[in-house]
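Data first, discussion second: the structure below is written as structure tokens.
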Amino acid sequence: MAGHRHLPAPRRREGVRRPPGRRHRRRGALPGLLLRRHPGRRPLPRVRRPAAPPHGGDVAAPHPRPGPRDPARPLPLAGRPAGTGDRAGVSSGARARARVTVSRMSDTPTAPVILGDRPGTFPHGVLAERHPAIIRQVREAFPYGPAQHRALDALLAECTGGAVEPLPAGAHDRERWAAWGMDSYAGRSWYDVPWLWSESWFYRRLLDAVGYFGPGPWQGIDPFRPSKLAELDSPATDEELAALDDLAGRPADERARALLHGSLWGNRADLGFRLSAEGAERTAAVPALVADDSERLWTLLGASGTGTLCLVADNADRELVPDLLLVAHLLAHGRIGRAVLHVKPYPYYVSDATTADVVDAVRRLTGAQGAAAGYGRGLWDALSDGRLTLRAHPFSCAPLPYAEMPDDLRADFAAATLTVVKGDLNYRRLVGDRYWPPTTPFAGVTDYFPAPVAALRTLKSDVVTGLTAATEAALDAAEGRRWRTAGTHALIQVRT
Ligand SMILES: O=P(O)(O)OC[C@H]1O[C@](O)(CO)[C@@H](O)[C@@H]1O
């Protein structure tokens with residue numbers, strides 16, 4: 001079960017496997033879709049790197065269990081109003097199951113919850129620098145009126161120096177956020193609550209500030225749409241779609257593997273990440289896979305043609321397009337019979353995919369030249385005949401780990417042959433947003449998940465599990481802590 005136990009023997013130096021480079025593509029081994037985006041293409045976050053051990057102590061030390069002051073404690077199970085049910089995205093059944101999860105996972109030691117309270121750490125940089133930059137970007141994206149500017153000013157002051165203010169009584173999702181811990185955190189500094197919580201809270205509040213939840217003329221207007229469209233229309237996307245033509249003559253299995261890697265490395269194309277790293281593209285390090293359970297993934301996606309794949313999407317555009325290409329291929333080649341694509345119910349983390357972004361991506365494909373258009377038509381047909389369905393569950397924007405998912409979402413995942421969880425944020429939610437020692441078994445921290453689950457993610461935050469001690473040591477020796485957050489390394493982990 002444990003991904004880490006089945007890691008192939010380390011290749012090349014120091015146990016870190018590197019994906020093939022452009023040279024291999026010239027030999028026709030892998031598609032440009034994958035390779036053109038790799039070396040030197042991704043920016044590095046400008047936020048300061050942790051100079052000292054992160055909150056909660058040295059991750060290399062024995063992992064402490066959370067003490068009575070663990071800020072995550074009030075959130076997951078205690079202090080929620082009874083009977084909030086699935087409408088709140090956290091059912092009482094799920095809460096009960098989460099308790100069971102804790103005991104099933106009891107042989108996996110826990111670790112400190114990540115907060116943003118330490119200057120110099122990566123999470124602190126996101127709260128103190130990235131969020132203000134996002135507010136600036138949103139302000140410039142639309143000709144908002146005085147009311148929106150005032151609300152953005154207030155949000156800027158609150159998120160950088162103020163306390164969590166609960167949603168007003170009339171807010172459409174007040175009950176849901178109360179169930180998600182809002183009342184427990186009211187009055188506390190944004191820096192002193194779990195980082196996962198304060199980041200989600202930021203996007204909820206930002207949408208409020210620009211009138212997204214309405215009523216009014218700005219209702220439903222995605223404040224990140226201009227940057228998303230620019231990315232979808234970029235020459236880089238053209239280049240990646242054109243690379244599909246190179247793939248067309250390859251055997252189906254080879255195409256499948258190439259598309260899997262396209263989907264994996266597509267996770268580097270994250271607009272929020274880029275916001276903190278302008279100008280850094282030229283300096284990106286050579287990327288490397290730090291864990292690779294892809295053979296197990298292919299075993300799960302057999303040739304029966306009847307299985308269901310759940311894909312929990314992350315970013316739109318240059319990540320969503322390769323995700324969709326992979327889904328189209330798996331459907332067309334009988335590796336699965338159905339796919340369920342989980343997207344966000346509202347704009348989130350700058351570039352996370354919503355239903356509108358799926359439509360834009362599919363139209364981008366159908367309107368393209370060459371092989372890309374064929375993939376687009378396949379997706380359109382699959383959406384039309386129900387082989388591909390979309391799901392925009394409220395819990396997809398919850399500030400909580402997936403261990404606390406509500407019953408209906410759990411049932412979706414339980415019915416799937418495999419759930420593929422994309423991206424860094426989803427990984428944090430899958431394994432728990434904690435300073436895990438990197439050798440913590442992936443299977444242990446995902447034991448609660450109701451069916452086989454795979455993580456496809458580039459590393460953009462401190463959370464990581466399932467590495468071998470040799471891989472961790474090699475990465476630390478080569479890069480210090482940088483490999484954890486720079487987005488230059490990736491992993492494929494599977495728990496069957
Ligand atoms: O798009 P992804 O892969 O989920 O990455 C987003 C990541 O960016 C951050 O917002 C800042 O690093 C993280 O919180 C988050 O994990």
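Residue numbering restarts at 1 for every chain of the structure tokens, chains are lettered A, B, ... in their displayed order, and ligands are numbered from 1 as they appear.
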- Item | helix (DSSP H, G or I) call set, DSSP backbone run, segment 186-312 of chain A, as a ChimeraX atom specification | /A:190-192,195-209,225-232,235-247,252-266,271-275,281-283,294-300
Task: strand (DSSP E or B) per DSSP on the backbone: members of segment 258-406 of chain A, as a ChimeraX atom specification - done: /A:288-292,308-312,315,338-342,344,352,354,388-391
Please dump the current selection as a PDB file, in the first residue's frame; keep C-alpha atoms.
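Final output, saved to result-v5.pdb:
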```
ATOM      1  CA  ALA A 288      12.966  16.226 -10.601  1.00  0.00           C
ATOM      2  CA  LEU A 289      10.517  13.549  -9.535  1.00  0.00           C
ATOM      3  CA  VAL A 290      11.047  12.821  -5.849  1.00  0.00           C
ATOM      4  CA  ALA A 291       8.577   9.905  -5.757  1.00  0.00           C
ATOM      5  CA  ASP A 292       7.090   7.975  -8.646  1.00  0.00           C
ATOM      6  CA  THR A 308     -14.454   5.563 -13.065  1.00  0.00           C
ATOM      7  CA  LEU A 309     -11.729   8.132 -12.629  1.00  0.00           C
ATOM      8  CA  CYS A 310     -12.323  11.059 -10.281  1.00  0.00           C
ATOM      9  CA  LEU A 311      -9.943  13.871 -11.055  1.00  0.00           C
ATOM     10  CA  VAL A 312      -9.801  16.610  -8.444  1.00  0.00           C
ATOM     11  CA  ASN A 315      -5.411  25.165 -11.742  1.00  0.00           C
ATOM     12  CA  ARG A 338     -16.322   7.408 -16.955  1.00  0.00           C
ATOM     13  CA  ALA A 339     -14.607  10.422 -15.492  1.00  0.00           C
ATOM     14  CA  VAL A 340     -15.784  12.879 -12.871  1.00  0.00           C
ATOM     15  CA  LEU A 341     -13.944  16.173 -12.837  1.00  0.00           C
ATOM     16  CA  HIS A 342     -14.102  18.048  -9.531  1.00  0.00           C
ATOM     17  CA  LYS A 344     -14.135  24.752  -7.599  1.00  0.00           C
ATOM     18  CA  ASP A 352      -8.084  27.255  -9.642  1.00  0.00           C
ATOM     19  CA  THR A 354     -14.147  26.460 -12.163  1.00  0.00           C
ATOM     20  CA  LEU A 388     -17.439  13.008 -18.366  1.00  0.00           C
ATOM     21  CA  THR A 389     -19.279  14.879 -15.636  1.00  0.00           C
ATOM     22  CA  LEU A 390     -18.402  17.957 -13.622  1.00  0.00           C
ATOM     23  CA  ARG A 391     -18.802  18.378  -9.917  1.00  0.00           C
TER      24      ARG A 391
END
```
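One distance worth recording is that between atom CA of Ala455 of chain A and atom CA of Phe224 of chain A, which is 25.7 Å.
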The residue from A:Leu365, A:Val350, A:Leu330, A:Ala454 with the smallest atom-to-atom distance to ligand 1, counting only C-alpha atoms and all ligand atoms, is A:Val350
For this session: Please provide the set of residues having any atom within 12 Å of Ser396 of chain A, restricted to only C-alpha atoms, with same-chain residues fewer than 4 positions apart removed, written as JSON, numbers by chain.
Result: {"A": [88, 89, 90, 200, 312, 313, 314, 341, 342, 343, 344, 345, 346, 347, 348, 349, 352, 353, 354, 391, 392, 400, 401, 402, 404, 405, 406, 409, 421, 425, 426, 429, 430]}
Within 7 Å of ligand 1 (only C-alpha atoms and all ligand atoms), residues as number ranges by chain | A: 126, 199, 267-268, 270, 272-273, 314-315, 349, 352, 423-426, 428, 457-458, 460-461, 485
Got time to write the residues from that selection, N, CA and C atoms, as a PDB file, in the first residue's frame?
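Written output follows (result29.pdb):
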```pdb
ATOM      1  N   VAL A 126       3.431  34.174   2.346  1.00  0.00           N
ATOM      2  CA  VAL A 126       2.189  34.156   1.553  1.00  0.00           C
ATOM      3  C   VAL A 126       1.180  35.130   2.143  1.00  0.00           C
ATOM      4  N   GLU A 199      -5.730  31.000   4.337  1.00  0.00           N
ATOM      5  CA  GLU A 199      -5.664  31.185   2.879  1.00  0.00           C
ATOM      6  C   GLU A 199      -7.044  31.060   2.242  1.00  0.00           C
ATOM      7  N   ASN A 267       1.077  21.334 -13.327  1.00  0.00           N
ATOM      8  CA  ASN A 267       0.849  21.950 -12.018  1.00  0.00           C
ATOM      9  C   ASN A 267       1.836  23.078 -11.720  1.00  0.00           C
ATOM     10  N   ARG A 268       2.876  23.164 -12.511  1.00  0.00           N
ATOM     11  CA  ARG A 268       3.780  24.322 -12.320  1.00  0.00           C
ATOM     12  C   ARG A 268       3.153  25.603 -12.846  1.00  0.00           C
ATOM     13  N   ASP A 270       0.891  27.784 -12.370  1.00  0.00           N
ATOM     14  CA  ASP A 270      -0.038  28.241 -11.334  1.00  0.00           C
ATOM     15  C   ASP A 270       0.129  29.747 -11.212  1.00  0.00           C
ATOM     16  N   GLY A 272      -1.043  32.045  -9.191  1.00  0.00           N
ATOM     17  CA  GLY A 272      -0.783  32.619  -7.873  1.00  0.00           C
ATOM     18  C   GLY A 272       0.689  32.517  -7.530  1.00  0.00           C
ATOM     19  N   PHE A 273       1.251  31.399  -7.864  1.00  0.00           N
ATOM     20  CA  PHE A 273       2.658  31.127  -7.636  1.00  0.00           C
ATOM     21  C   PHE A 273       3.503  32.124  -8.426  1.00  0.00           C
ATOM     22  N   ASP A 314      -6.951  21.146 -10.202  1.00  0.00           N
ATOM     23  CA  ASP A 314      -6.312  22.247  -9.473  1.00  0.00           C
ATOM     24  C   ASP A 314      -6.440  23.506 -10.328  1.00  0.00           C
ATOM     25  N   ASN A 315      -5.368  23.901 -10.992  1.00  0.00           N
ATOM     26  CA  ASN A 315      -5.411  25.165 -11.742  1.00  0.00           C
ATOM     27  C   ASN A 315      -6.068  25.012 -13.105  1.00  0.00           C
ATOM     28  N   TYR A 349      -7.779  30.642  -4.996  1.00  0.00           N
ATOM     29  CA  TYR A 349      -6.318  30.526  -5.180  1.00  0.00           C
ATOM     30  C   TYR A 349      -5.886  31.023  -6.560  1.00  0.00           C
ATOM     31  N   ASP A 352      -7.432  28.563  -9.719  1.00  0.00           N
ATOM     32  CA  ASP A 352      -8.084  27.255  -9.642  1.00  0.00           C
ATOM     33  C   ASP A 352      -9.262  27.161 -10.613  1.00  0.00           C
ATOM     34  N   GLY A 423      -2.172  18.833  -7.682  1.00  0.00           N
ATOM     35  CA  GLY A 423      -1.664  20.103  -7.186  1.00  0.00           C
ATOM     36  C   GLY A 423      -1.263  20.147  -5.731  1.00  0.00           C
ATOM     37  N   ASP A 424      -0.678  21.288  -5.400  1.00  0.00           N
ATOM     38  CA  ASP A 424      -0.096  21.454  -4.073  1.00  0.00           C
ATOM     39  C   ASP A 424      -1.148  21.628  -2.988  1.00  0.00           C
ATOM     40  N   LEU A 425      -2.099  22.489  -3.234  1.00  0.00           N
ATOM     41  CA  LEU A 425      -3.111  22.728  -2.210  1.00  0.00           C
ATOM     42  C   LEU A 425      -3.897  21.450  -1.924  1.00  0.00           C
ATOM     43  N   ASN A 426      -4.306  20.751  -2.997  1.00  0.00           N
ATOM     44  CA  ASN A 426      -5.049  19.510  -2.782  1.00  0.00           C
ATOM     45  C   ASN A 426      -4.195  18.484  -2.035  1.00  0.00           C
ATOM     46  N   ARG A 428      -1.910  19.230   0.232  1.00  0.00           N
ATOM     47  CA  ARG A 428      -1.951  19.661   1.635  1.00  0.00           C
ATOM     48  C   ARG A 428      -3.243  19.194   2.296  1.00  0.00           C
ATOM     49  N   ARG A 457       1.585  16.175  -8.123  1.00  0.00           N
ATOM     50  CA  ARG A 457       1.799  17.496  -7.542  1.00  0.00           C
ATOM     51  C   ARG A 457       3.230  17.965  -7.724  1.00  0.00           C
ATOM     52  N   THR A 458       3.408  19.237  -8.029  1.00  0.00           N
ATOM     53  CA  THR A 458       4.729  19.831  -7.884  1.00  0.00           C
ATOM     54  C   THR A 458       4.798  20.452  -6.497  1.00  0.00           C
ATOM     55  N   LYS A 460       5.202  22.958  -3.750  1.00  0.00           N
ATOM     56  CA  LYS A 460       5.166  24.424  -3.614  1.00  0.00           C
ATOM     57  C   LYS A 460       4.875  24.856  -2.186  1.00  0.00           C
ATOM     58  N   SER A 461       4.941  23.928  -1.256  1.00  0.00           N
ATOM     59  CA  SER A 461       4.770  24.298   0.157  1.00  0.00           C
ATOM     60  C   SER A 461       5.530  23.265   0.980  1.00  0.00           C
ATOM     61  N   THR A 485       9.505  24.115  -1.745  1.00  0.00           N
ATOM     62  CA  THR A 485       8.561  25.184  -2.081  1.00  0.00           C
ATOM     63  C   THR A 485       8.775  25.808  -3.458  1.00  0.00           C
TER      64      THR A 485
END
```
| Which is closest to Leu115 of chain A among A:Gly162, A:Pro235, A:Pro194, A:Pro143, if we use only C-alpha atoms? |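 Going through A:Gly162, A:Pro235, A:Pro194, A:Pro143 one by one, the smallest distance to Leu115 of chain A is for A:Pro194.
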